[in-house]
6 protein chains.
Amino acid sequence: MAKIMTLGEIMLRLSPPGNQRFVQANTFDVVYGGGEANVAVSLAQLGHDAYFLSRLPQNELGDAALNQMRHFGVHTQEILRGGDRLGIYYLETGASMRPSKVIYDRSGSAMATIAPDALDFERLFQDAVWFHWSGITPALSEHAATLVRNALISAKKHGVVVSVDLNYRQKLWTPKQAQTVMRELMPYVDVMIGNEEDAEKVLGFKPEHTDVTSGELSVENYKAMFRSLHEAYGFKYIATTLRESYSASHNGWSALLYDGITFYESKRYQIMPIIDRVGGGDAFSAGLIHGLIQQGDPQYAVDFAVAASAIKHTIHGDFNMMTIKEVEALMGGDQSGRVQR
Amino acid sequence: MAKIMTLGEIMLRLSPPGNQRFVQANTFDVVYGGGEANVAVSLAQLGHDAYFLSRLPQNELGDAALNQMRHFGVHTQEILRGGDRLGIYYLETGASMRPSKVIYDRSGSAMATIAPDALDFERLFQDAVWFHWSGITPALSEHAATLVRNALISAKKHGVVVSVDLNYRQKLWTPKQAQTVMRELMPYVDVMIGNEEDAEKVLGFKPEHTDVTSGELSVENYKAMFRSLHEAYGFKYIATTLRESYSASHNGWSALLYDGITFYESKRYQIMPIIDRVGGGDAFSAGLIHGLIQQGDPQYAVDFAVAASAIKHTIHGDFNMMTIKEVEALMGGDQSGRVQR
Amino acid sequence: MAKIMTLGEIMLRLSPPGNQRFVQANTFDVVYGGGEANVAVSLAQLGHDAYFLSRLPQNELGDAALNQMRHFGVHTQEILRGGDRLGIYYLETGASMRPSKVIYDRSGSAMATIAPDALDFERLFQDAVWFHWSGITPALSEHAATLVRNALISAKKHGVVVSVDLNYRQKLWTPKQAQTVMRELMPYVDVMIGNEEDAEKVLGFKPEHTDVTSGELSVENYKAMFRSLHEAYGFKYIATTLRESYSASHNGWSALLYDGITFYESKRYQIMPIIDRVGGGDAFSAGLIHGLIQQGDPQYAVDFAVAASAIKHTIHGDFNMMTIKEVEALMGGDQSGRVQR
Amino acid sequence: MAKIMTLGEIMLRLSPPGNQRFVQANTFDVVYGGGEANVAVSLAQLGHDAYFLSRLPQNELGDAALNQMRHFGVHTQEILRGGDRLGIYYLETGASMRPSKVIYDRSGSAMATIAPDALDFERLFQDAVWFHWSGITPALSEHAATLVRNALISAKKHGVVVSVDLNYRQKLWTPKQAQTVMRELMPYVDVMIGNEEDAEKVLGFKPEHTDVTSGELSVENYKAMFRSLHEAYGFKYIATTLRESYSASHNGWSALLYDGITFYESKRYQIMPIIDRVGGGDAFSAGLIHGLIQQGDPQYAVDFAVAASAIKHTIHGDFNMMTIKEVEALMGGDQSGRVQR
Amino acid sequence: MAKIMTLGEIMLRLSPPGNQRFVQANTFDVVYGGGEANVAVSLAQLGHDAYFLSRLPQNELGDAALNQMRHFGVHTQEILRGGDRLGIYYLETGASMRPSKVIYDRSGSAMATIAPDALDFERLFQDAVWFHWSGITPALSEHAATLVRNALISAKKHGVVVSVDLNYRQKLWTPKQAQTVMRELMPYVDVMIGNEEDAEKVLGFKPEHTDVTSGELSVENYKAMFRSLHEAYGFKYIATTLRESYSASHNGWSALLYDGITFYESKRYQIMPIIDRVGGGDAFSAGLIHGLIQQGDPQYAVDFAVAASAIKHTIHGDFNMMTIKEVEALMGGDQSGRVQR
Amino acid sequence: MAKIMTLGEIMLRLSPPGNQRFVQANTFDVVYGGGEANVAVSLAQLGHDAYFLSRLPQNELGDAALNQMRHFGVHTQEILRGGDRLGIYYLETGASMRPSKVIYDRSGSAMATIAPDALDFERLFQDAVWFHWSGITPALSEHAATLVRNALISAKKHGVVVSVDLNYRQKLWTPKQAQTVMRELMPYVDVMIGNEEDAEKVLGFKPEHTDVTSGELSVENYKAMFRSLHEAYGFKYIATTLRESYSASHNGWSALLYDGITFYESKRYQIMPIIDRVGGGDAFSAGLIHGLIQQGDPQYAVDFAVAASAIKHTIHGDFNMMTIKEVEALMGGDQSGRVQR
C-alpha cells in the first residue's frame with residue numbers, strides 16, 4: 001500500500017442516457033471524472049493511499065465531485081476550494097458506426113484558475129512513492145503549467161517516481177504549444193504513457209503509416225517509436241494502449257510496454273459491446289502503476305493494466321470499478337463471462 | 001395574432017429529479033429556459049407570432065435550446081449562432097421549509113459575448129407590435145446592454161410597444177450598476193413589471209415595511225410605490241405579482257396592475273403544492289401582454305396574467321404550457337381541480 | 001367469501017409520469033383499468049371470488065390487461081378474446097388548481113363490439129351471490145346494452161343481488177340516450193350508487209342548488225333526492241360518495257347510504273395530497289359490496305367503503321390495493337400516518 | 001435549400017423501454033412517427049424547407065405530434081386539425097433472434113378520415129421542388145387514396161418531382177387492392193423506392209429465389225427486377241435498400257440505385273448493435289432525395305442515403321437525427337466510432 | 001393441457017439496472033424467480049395447468065412473489081404462507097468479458113424452514129401428469145430434502161412422470177452432501193436434466209477434458225457420460241443444454257437429449273447480445289416437458305426446448321415470456337429478427 | 001471539530017419509488033441507513049471527525065454501505081468486515097392517511113453476529129470527545145449488547161461524553177427484555193434522547209394520557225416524565241422530539257430539552273409535504289450533539305437540532321444533507337422557501 005499523489009482537474013460529466021443523442025435528451029446522467037482523478041479512484045480501489053490534488057468551487061457541485069472521489073476511498077482532504085465554476089464535459093455515447101461525441105465547457109474552471117503556488121508540494125510529497133499527472137493539466141492554463149512544473153521539481157527532490165499520460169487535447173492547445181511546454185517537463189518523467197497521436201502532437205514523435213480510423217495498428221511501428229523516445233528522454237518505462245477501433249461498440253484492446261531493453265506485449269481482448277470507453281486509458285495508467293509498484297514485473301504490470309482497463313470498458317462512468325481478484329481472473333484467461341454464483 | 005419580439009438569453013437548466021438535493025443527484029432533468037424565452041414560449045402558445053432574438057453556440061446544446069423553443073411554435077430563425085458556450089443554471093427544487101436553490105454558471109455565454117450591433121432591429125421590428133425584454137439582458141455584459149439600447153431606440157422608431165420585467169439578479173450586477181444602466185432605459189418603456197425587490201434594486205424605489213420572507217405583503221405600500229414610479233417615468237402600465245411565500249410548497253399568488261389612474265387587483269390563488277415556481281413571473285408577463293393586446297381591458301389582463309402564471313406553478317420546467325381556454329376556465333372561478341373527461 | 005360477477009370494459013390507461021402535461025411526456029405510465037374491472041380487483045383482494053366478464057383483443061395488449069387482473073386474483077378465465085382493439089384512455093394528472101384531464105379513445109373496442117349473446121349468463125351466474133355493473137357498459141354500444149339487459153334478466157332469475165354504479169359518461173352518450181336505456185334497467189337493481197350528476201343525467205333526478213365546482217356539498221339535498229329515487233325505483237340501498245373538490249390535490253371525502261328508512265353518513269376524510277383519484281368511486285363500490293355481504297350492517301358498510309376508497313386516492317393506478325386490516329385501522333380512527341414498523 | 005412537400009400520417013408510437021416485451025411493460029416510451037413524416041424530419045435537418053401535410057385530431061396528442069415535427073424544423077402550419085383520434089402503433093423491440101413486433105391501432109384516425117379535397121394542392125405546390133409520398137397513405141382509406149391522386153395530378157401540373165416509397169403494409173390492404181390503386185398512380189412517379197416485397201405485393205414484380213429471412217440478398221435478381229420496372233413505368237430512378245437480416249441486433253445494410261442506364265451500388269455497412277431500425281427506410285428516402293437535389297450525382301445520392309440511414313439504426317425513435325457533416329464523414333470511410341472530442 | 005406440479009423456492013431478485021455494478025446502483029430492478037417457479041411460469045404460458053408448491057412469508061413481499069406467478073397464470077392457491085423471510089438473490093449483469101455475479105441471501109427463508117409434512121401430496125398429485133423439481137430444493141435444508149422425498153414417493157404412487165434439473169449450487173451444499181441426498185432420489189426420476197458440472201458434483205459423473213471457461217464443449221464426451229448415467233439409473237430421458245460461453249454478451253446455445261437409444265442434437269443458436277441468461281436452463285426444462293407431453297417426439301422436444309430457452313436469453317428477468325407460435329417460428333429457422341408487423 | 005464515535009448497524013434500505021405500494025414495485029430505490037450511521041453522517045457534514053463502528057459482510061453490498069458513509073465524510077476505516085449478510089429494511093412510503101410501512105429483515109446480520117470483544121475501544125476512544133449509540137444496537141443480539149456495555153465502560157474511562165437514543169424496536173425485543181438490558185446501561189449515559197414510547201417500553205416511564213395517533217402532544221406530561229427520569233438516572237440532558245402526526249404527509253415538529261433545571265422548548269415547524277421522515281430522529285440527535293459541543297447553549301442546541309431534523313424530512317433517504325448555514329437560516333426564522341439564487 002503506497003502513498004500515491006495525483007494532480008489534475010475533475011469535471012462534471014453530463015451524458016444523455018444510453019445511446020440517446022444530445023438533441024433527444026430530457027435527462028443527463030451525472031458522473032464526475034477527469035484523467036488523474038480517474039487514476040486516483042482506481043488506485044484507491046486497488047488498496048493504495050491515493051491522493052487527488054486539485055481545486056474545486058465552493059458550491060454544491062464542488063461538494064458532489066469531492067464526495068464521489070471520497071466514495072471510492074480517495075484522500076480528498078488536500079483539495080482546495082475556490083474559483084468560479086466546475087468544468088464540464090458533455091458526452092454523447094455512440095453505437096455501431098456512430099461515434100461518441102464530447103463537448104468541452106471547461107474554460108475558467110476552478111482548476112484552470114488555480115494559483116501556481118497554491119499547493120505546498122514540499123509537505124504533500126512527504127512519504128509519497130509515486131506522482132501521476134497528465135498532459136491535460138498543464139494545458140489548462142499557464143498557471144496550471146507552472147503548478148505542474150513545481151510539482152515535478154518537488155517530486156524529484158523527494159525521490160518520488162513520476163508517471164505521465166501525455167493525453168493530447170486539441171481543444172486545449174495546439175501541438176506547437178503542447179511541445180513547448182511538455183518537452184521541458186519530460187526530463188522529470190520516469191514512466192511515460194502515450195499513444196501514437198499523443199507522441200506526435202505532444203512530443204513530435206510519430207510512428208509511420210498508421211491510420212487510426214482503420215482499426216489496424218502496427219506494433220512494429222510502435223516499437224520503433226518507443227526506441228526513439230527512450231533515446232531522447234531516457235524514460236524508465238514507455239507504455240501505450242493499442243486500441244483497434246472496429247466501431248463505437250467493438251474494439252480490440254491490448255498494450256505494449258518497453259523498459260529500454262525488452263518489449264512486453266499484453267494479451268489482446270475483444271470488447272463487445274463497449275458500455276463506456278471513456279476512462280479506459282486512465283484505468284490502464286492506474287493498473288500499470290499498481291503493477292509496477294506491487295511486483296516490479298513489467299509483464300505482470302502490462303497484463304494487469306490491460307485487463308483492468310478492459311473491464312473499465314464494461315462500466316458506465318469515468319471511474320473503473322474492479323478488484324484485484326477480478327482483474328487477475330481475467331488475466332488468467334477467463335473471458336467466458338460465466339455467471340459467478 | 002400579433003408579431004411580438006423578445007430579446008434575451010436562454011440557458012440550459014439542470015435540476016436533480018423531484019426534490020433531490022444536488023449532492024444526491026445521479027441524473028439531472030434537462031430543460032431550457034430564460035426570462036424572455038419563457039415569455040416568447042407562452043405567447044406562441046397563446047397564438048401570437050412570437051420571435052426570440054438571441055445568440056446560441058454552434059453546437060448540439062445550442063441546437064437543443066433552439067429546438068425546444070421551436071417545439072412550442074416560437075419563431076427561431078433570427079437566432080444567431082456563435083460564441084463559446086451555452087449559459088447554465090442549476091436548480092435544486094426545495095420542499096416545505098427547505099428553499100429551492102439556483103447556481104448560475106452563465107459567464108462567457110454566447111449571448112453575453114454578442115456584438116452590440118449583431119442584430120438588425122430596423123429589419124426585425126418591421127410590423128412588430130410589441131417588444132419585451134428584461135433587466136437580465138443588459139446585466140449580462142456591456143455589449144448586451146448596448147444591444148438592448150439599440151433595440152429600444154428602434155422599437156420607439158417603429159411604434160412598437162415596449163414592456164420590461166425588471167428582474168434584478170444580484171449575481172450579475174450591483175444595485176448601483178443596475179440603476180446606472182436601467183434608469184436610462186426606462187423612458188423607452190410602456191409597460192413596467194417588477195416586484196418590490198426589483199424596484200428597489202434596479203430603480204431605487206421601495207415600498208415601506210415589507211419583509212419578503214414573512215409571507216405577507218402590503219398592497220397599500222405597493223400602490224404608493226406605483227404612484228411614485230408613474231410620476232417618475234410616466235409608464236402606461238405598472239404591474240407586479242404579489243407572492244406570499246408560506247413555504248417552498250405553498251404560496252399565495254395574485255397581482256396588481258396600475259394604469260396611472262386605477263388600480264386593478266387580481267383574484268388571489270392558493271398554490272399547494274407547487275410543482276415548479278421558476279418561470280412564474282415570465283408566465284405572468286406573457287399573460288399580461290396577451291391580455292392587453294387582446295382586449296385592452298386592464299382587469300381582464302391582470303386576471304388572465306395571474307391565472308396563467310398560477311397554472312405555471314403546477315408545471316415542471318421554465319416554460320408555461322396552457323391554452324386560453326384553460327386560463328379562462330380558472331379565471332372564471334373553477335379551482336376545483338375536478339377531472340376534465 | 002362470495003362469488004361475485006362483474007361485467008364491463010377494461011382499458012389501457014396511458015398517463016404522463018407525475019404531474020407532467022401531455023405535451024411534455026416522453027414516457028407514459030402504463031396501467032389497465034375500467035369501472036367494473038376496478039371493482040373486481042378490489043373484491044378479489046378482500047377475499048372474494050371475483051369474476052370479470054369482458055372481451056379483449058387477441059394480442060399482447062389484451063394479454064397484458066388480463067394478466068394485470070389475474071395478478072390481483074381476479075378470475076379471468078371467462079373473459080372472451082377477439083375484436084380489433086383495446087380501448088384506451090389517456091390521463092394527465094393535475095395539481096393544485098390545474099385539473100386532471102382524460103382523453104378517451106375507446107370506440108371500436110373489443111368490448112364495444114361484443115355480440116349481445118356472447119356470454120352464457122345462465123351458466124356464469126350459477127352460485128353467484130352478487131352482480132355488479134356500471135352505466136358505462138350499456139353506453140358502449142347497443143350490443144353492449146343488450147348484453148347488460150341479458151345479464152340482468154339472468155341475475156334476477158338466479159337470485160343474484162344486483163348493484164350498479166350509474167357513472168355517467170358524456171363522451172359516450174347524451175342524457176337522453178342514457179335515460180332511455182338506463183331507466184328500463186333500474187327495476188333489476190338492488191343497490192344503486194351514483195352522485196348528483198349521475199342521478200340527473202342518467203335518471204333525471206337532481207338535488208337542488210348544488211355547484212360541483214364550489215367544493216361544498218349539501219347533504220340535505222342528497223337526502224331529498226335519495227327519498228325520491230327510493231320512491232321511484234324501490235332500490236334496497238342507495239349510496240353516493242360526497243366529494244368536496246378544493247383542488248386537484250386536496251379533496252374532502254365521505255359518503256351517504258340510505259336503506260329506505262335510515263340515512264347512514266360516513267366519517268369524513270381530508271385527502272391531501274391526492275396521488276391518484278381515478279378509481280376512487282370504484283373502490284367505494286367494492287367496499288360497499290364487501291361491507292354489505294360481510295356484515296349486513298349499513299353503517300359498517302358505508303364506513304368501510306369510504307375508508308377503502310380514501311386509501312385508493314393515495315395509490316397510483318385505477319386499482320385499489322389494500323387489506324381489510326388496513327381499511328379497518330383507518331375506520332377505527334388512525335389517520336396519523338405514523339410509520340408501521 | 002428546396003421546398004419539399006410530404007403527405008401522410010403521423011402516429012403515436014408506444015414502445016416498452018429497452019428490450020422489454022409488451023407483457024412486461026409498466027411504461028411505454030413515447031415518440032411520434034410515420035413514413036412521410038420521418039422523411040420530412042430528415043429533410044428539415046438537412047436544411048430543406050420541408051412541409052408535412054396531414055390531419056391531426058384537435059387534442060393534446062395531436063398537439064404533441066405536431067410539436068415534435070416542429071421541434072426538428074418541419075413546417076407544420078398546413079397540417080389540418082380534426083377527426084376523432086390519432087393513429088397508434090405499438091412497437092416491441094427485439095434482440096438477437098427475437099424479432100421486433102408491431103401492433104397497429106390506426107383505423108379511424110384523423111388522417112384516414114380526411115376529406116379527399118381537404119388540401120388545396122394548387123396553392124401548396126407553388127414553388128415546390130419535390131413531392132414525396134408512400135404506399136401507406138392511399139392504403140389508409142379510399143378518401144386518402146383520392147387525396148393522393150389529387151396531389152399527384154397537381155404535382156405534375158406544377159413540375160414537381162415525385163418520389164414514392166412503396167412500403168407495402170399487409171394489415172392495411174391485400175396485394176390485389178394495393179395493385180389496383182397503386183399501378184394507376186405509378187405514371188406520376190419519377191423516383192420509385194421499394195424493396196423486393198414491396199415490388200411484388202404492390203406492383204406484381206418479383207426478384208427470383210429471394211428468401212428474406214435467410215439474411216442473403218441477390219443483387220443480380222434486383223437488377224433484373226429494376227430493368228423490368230424501368231421498362232414498365234419509365235421511372236427516372238429506381239432504388240432499394242438491401243437489408244441482410246442476420247438477427248434483430250445485427251444487419252448488413254446497403255442500397256442499389258438505377259437510373260435506367262447504370263446501376264449504382266452503395267458501400268455496405270455492418271450495423272451491430274442495432275438500436276432502432278424503424279424509420280431506416282425513411283431515412284434512406286430522405287437521404288436519396290437530398291442527394292439527388294443537392295448534387296444530381298446518383299453515386300453520391302445512394303452513398304449519402306445509405307450512410308444516413310445506417311446512422312438512423314443507431315438512434316431511438318422513428319426520426320433520424322444527423323448532420324450532413326456526420327453523414328459525409330461516414331461516407332468517407334470512418335466507421336471506427338472513435339470518440340469525437 | 002396437463003396438470004403439472006412444481007415444488008421449490010421463489011426468491012426476490014434484486015439487480016442493478018442495465019450493466020451497472022452493485023457499487024454504482026441507486027435502484028434495483030425487482031423481479032421474482034427461482035428454478036421450479038420459472039418452469040411453472042413457462043408451462044402456464046404454454047397452456048398447461050401449472051401449479052407451484054412452496055412457502056412464502058405472510059408479508060407484502062410474499063404477496064408480490066405470489067402475484068407475479070399468478071400474473072402469468074400459475075396456480076398459486078396451494079402455496080403455503082408463513083416463516084420469517086423471503087429468500088433474496090442479488091444479480092449484477094455483466095458485459096463482454098466481465099461476468100455476471102450473484103450474491104445469495106436465502107438462508108432462513110420461508111421455504112427452507114418448511115415442515116417436511118407441510119404439503120399433502122396425496123391430494124395434490126391427484127390427476128397430475130408431471131412433477132418437476134430441481135436439486136436446489138433438497139439443498140435448502142434437511143426439512144426441504146425430506147419434503148422432496150415425500151413428494152417423489154407420492155408421485156410414483158400416482159403414476160406421475162418425474163423430471164429433475166440437477167442444478168448444483170455450491171453455496172448451498174458440498175458435492176459430498178449433494179451426492180448423499182441426491183443419489184437416493186434418482187430412482188424416482190424419469191427425466192434427468194443436468195450439465196457437466198451438475199452431473200459431476202451431484203452424481204459423481206464427469207465428462208472428460210471439458211473446460212467450461214473455454215467456450216468449447218465436446219458433444220462426444222457428453223454422449224459417453226449420458227450412456228453411463230443411463231446405465232446407472234435407467235432414466236427414460238437424459239438431457240443437457242450445451243452452453244458455449246464466449247463472453248457475458250455472447251453464447252452459443254444448443255442441447256442434447258438421449259432416450260437410452262438415440263441421441264437427439266438440437267439446432268445451435270448464436271445469442272448476441274444476451275439480455276439476461278438467468279432462467280435459461282429453466283426455460284429449457286419447461287420446453288422439454290412441454291415437448292415430451294405434447295408430441296412424445298424427442299427431436300421436437302429438444303428443438304422446442306432449446307429454441308424456447310434461446311428466446312429466454314433475450315428477456316429481462318427469470319421468467320421466460322413466449323408463445324408456442326414464437327418458439328415454433330424460431331425452430332422453423334427464422335432467426336432473421338425481421339420486424340413482425 | 002470533535003472526534004465523535006458512533007456504534008451500530010447500517011442496513012440496506014429498499015423502497016418502492018415515490019408513493020408506490022410494495023405490491024406495485026418493479027424497482028426499489030436503494031439507500032443505506034441505520035440510527036447511529038445516520039447520526040455519524042450528519043456529524044461529518046457538520047464538520048466533525050465522525051467515526052462509525054460496525055461490522056459489514058465482505059461482499060459488494062457491504063462495500064456499498066461503507067462507500068455511502070465515506071461519501072459523506074464519515075471515517076470508515078475501523079469498520080470490521082465479516083459475517084454472512086447485510087441487514088435489510090423495506091420501506092413503503094405512505095401518503096395522506098395511508099401510513100408508511102417498514103418490513104425488517106435483519107436477523108443474522110454481520111453486526112448482530114459480531115463478537116463481543118471485536119472492537120478495541122481502548123484504542124478507539126483515545127482522544128474521542130463523544131460516543132453515541134442507540135437502543136437498537138443492544139437489541140440486535142446478546143453479543144451486541146455486551147459489545148455496547150464494553151464500549152460504555154471504556155467511554156467512561158476515557159472521559160467521553162455518552163449520548164443514547166432509546167429507539168425502542170418491538171420487532172427486536174419485548175419491553176421486558178429491553179428494560180433488563182437498558183436500565184443497566186443508563187448510568188453510563190450523559191445525554192438521553194427518547195420519546196414517550198421509548199421511555200415507557202425501554203425504561204418503564206410513561207407520560208399520562210398521551211395518544212400518539214391523535215396528532216396532539218402534551219408538553220406538560222413530558223416535563224413530568226423528564227423530571228422523573230432525571231431523578232432516577234441523573235442524566236445531564238434529557239431530550240425528545242415532539243411529533244404531531246396529522247397525516248403521513250403533514251407533521252408538526254418541535255422538541256424539548258431538559259438540563260435538570262430548565263426546560264428548553266424549541267420552535268415548532270409545520271412540515272408539509274413530508275418527503276421522507278425516516279432518519280428524522282437521528283438528524284435531531286446529531287444536531288443536538290453538535291449544538292451542545294459547539295456552543296454549550298441548550299437553547300441553541302435544541303433549536304439547531306429541531307431545525308436540522310425538520311430539513312431532514314424534506315430529503316429522500318435516511319441521511320440528512322444540510323449545512324450549518326442552512327440550519328441556522330431556518331432557525332433564524334426564514335421558512336418562506338423563497339428561491340436562493
# chains A, B, ... in the order shown; residues from 1 in each chain; ligands from 1

$ closest_atom_pairs --of "chain E" --to "chain B" --cutoff "12 Å" --atoms "only C-alpha atoms" --output "JSON lines"
{"residue": "E:Gln24", "atom": "CA", "partner": "B:Asn26", "partner_atom": "CA", "distance": 9.9}
{"residue": "E:Ala25", "atom": "CA", "partner": "B:Asn26", "partner_atom": "CA", "distance": 9.9}
{"residue": "E:Asn26", "atom": "CA", "partner": "B:Asn26", "partner_atom": "CA", "distance": 8.3}
{"residue": "E:Thr27", "atom": "CA", "partner": "B:Asn26", "partner_atom": "CA", "distance": 10.8}

$ write_last_selection --atoms "C-alpha atoms" --output "PDB file, in the first residue's frame"
ATOM      1  CA  GLN E  24     -22.973   2.000  -8.621  1.00  0.00           C
ATOM      2  CA  ALA E  25     -26.600   1.186  -8.073  1.00  0.00           C
ATOM      3  CA  ASN E  26     -29.127   3.657  -6.707  1.00  0.00           C
ATOM      4  CA  THR E  27     -32.022   1.497  -7.733  1.00  0.00           C
TER       5      THR E  27
END

$ calpha_fit_rmsd --fixed "chain F" --moving "chain C"
0.0 Å

$ residues_around --residues "D:Val30" --least-positions-apart "2" --cutoff "9 Å" --atoms "only C-alpha atoms" --output "ChimeraX atom specification"
/C:25-28 /D:12-15,28,32,317

$ atom_distance --atom1 "atom CA of C:Thr314" --atom2 "atom CA of C:Gln340"
16.2 Å
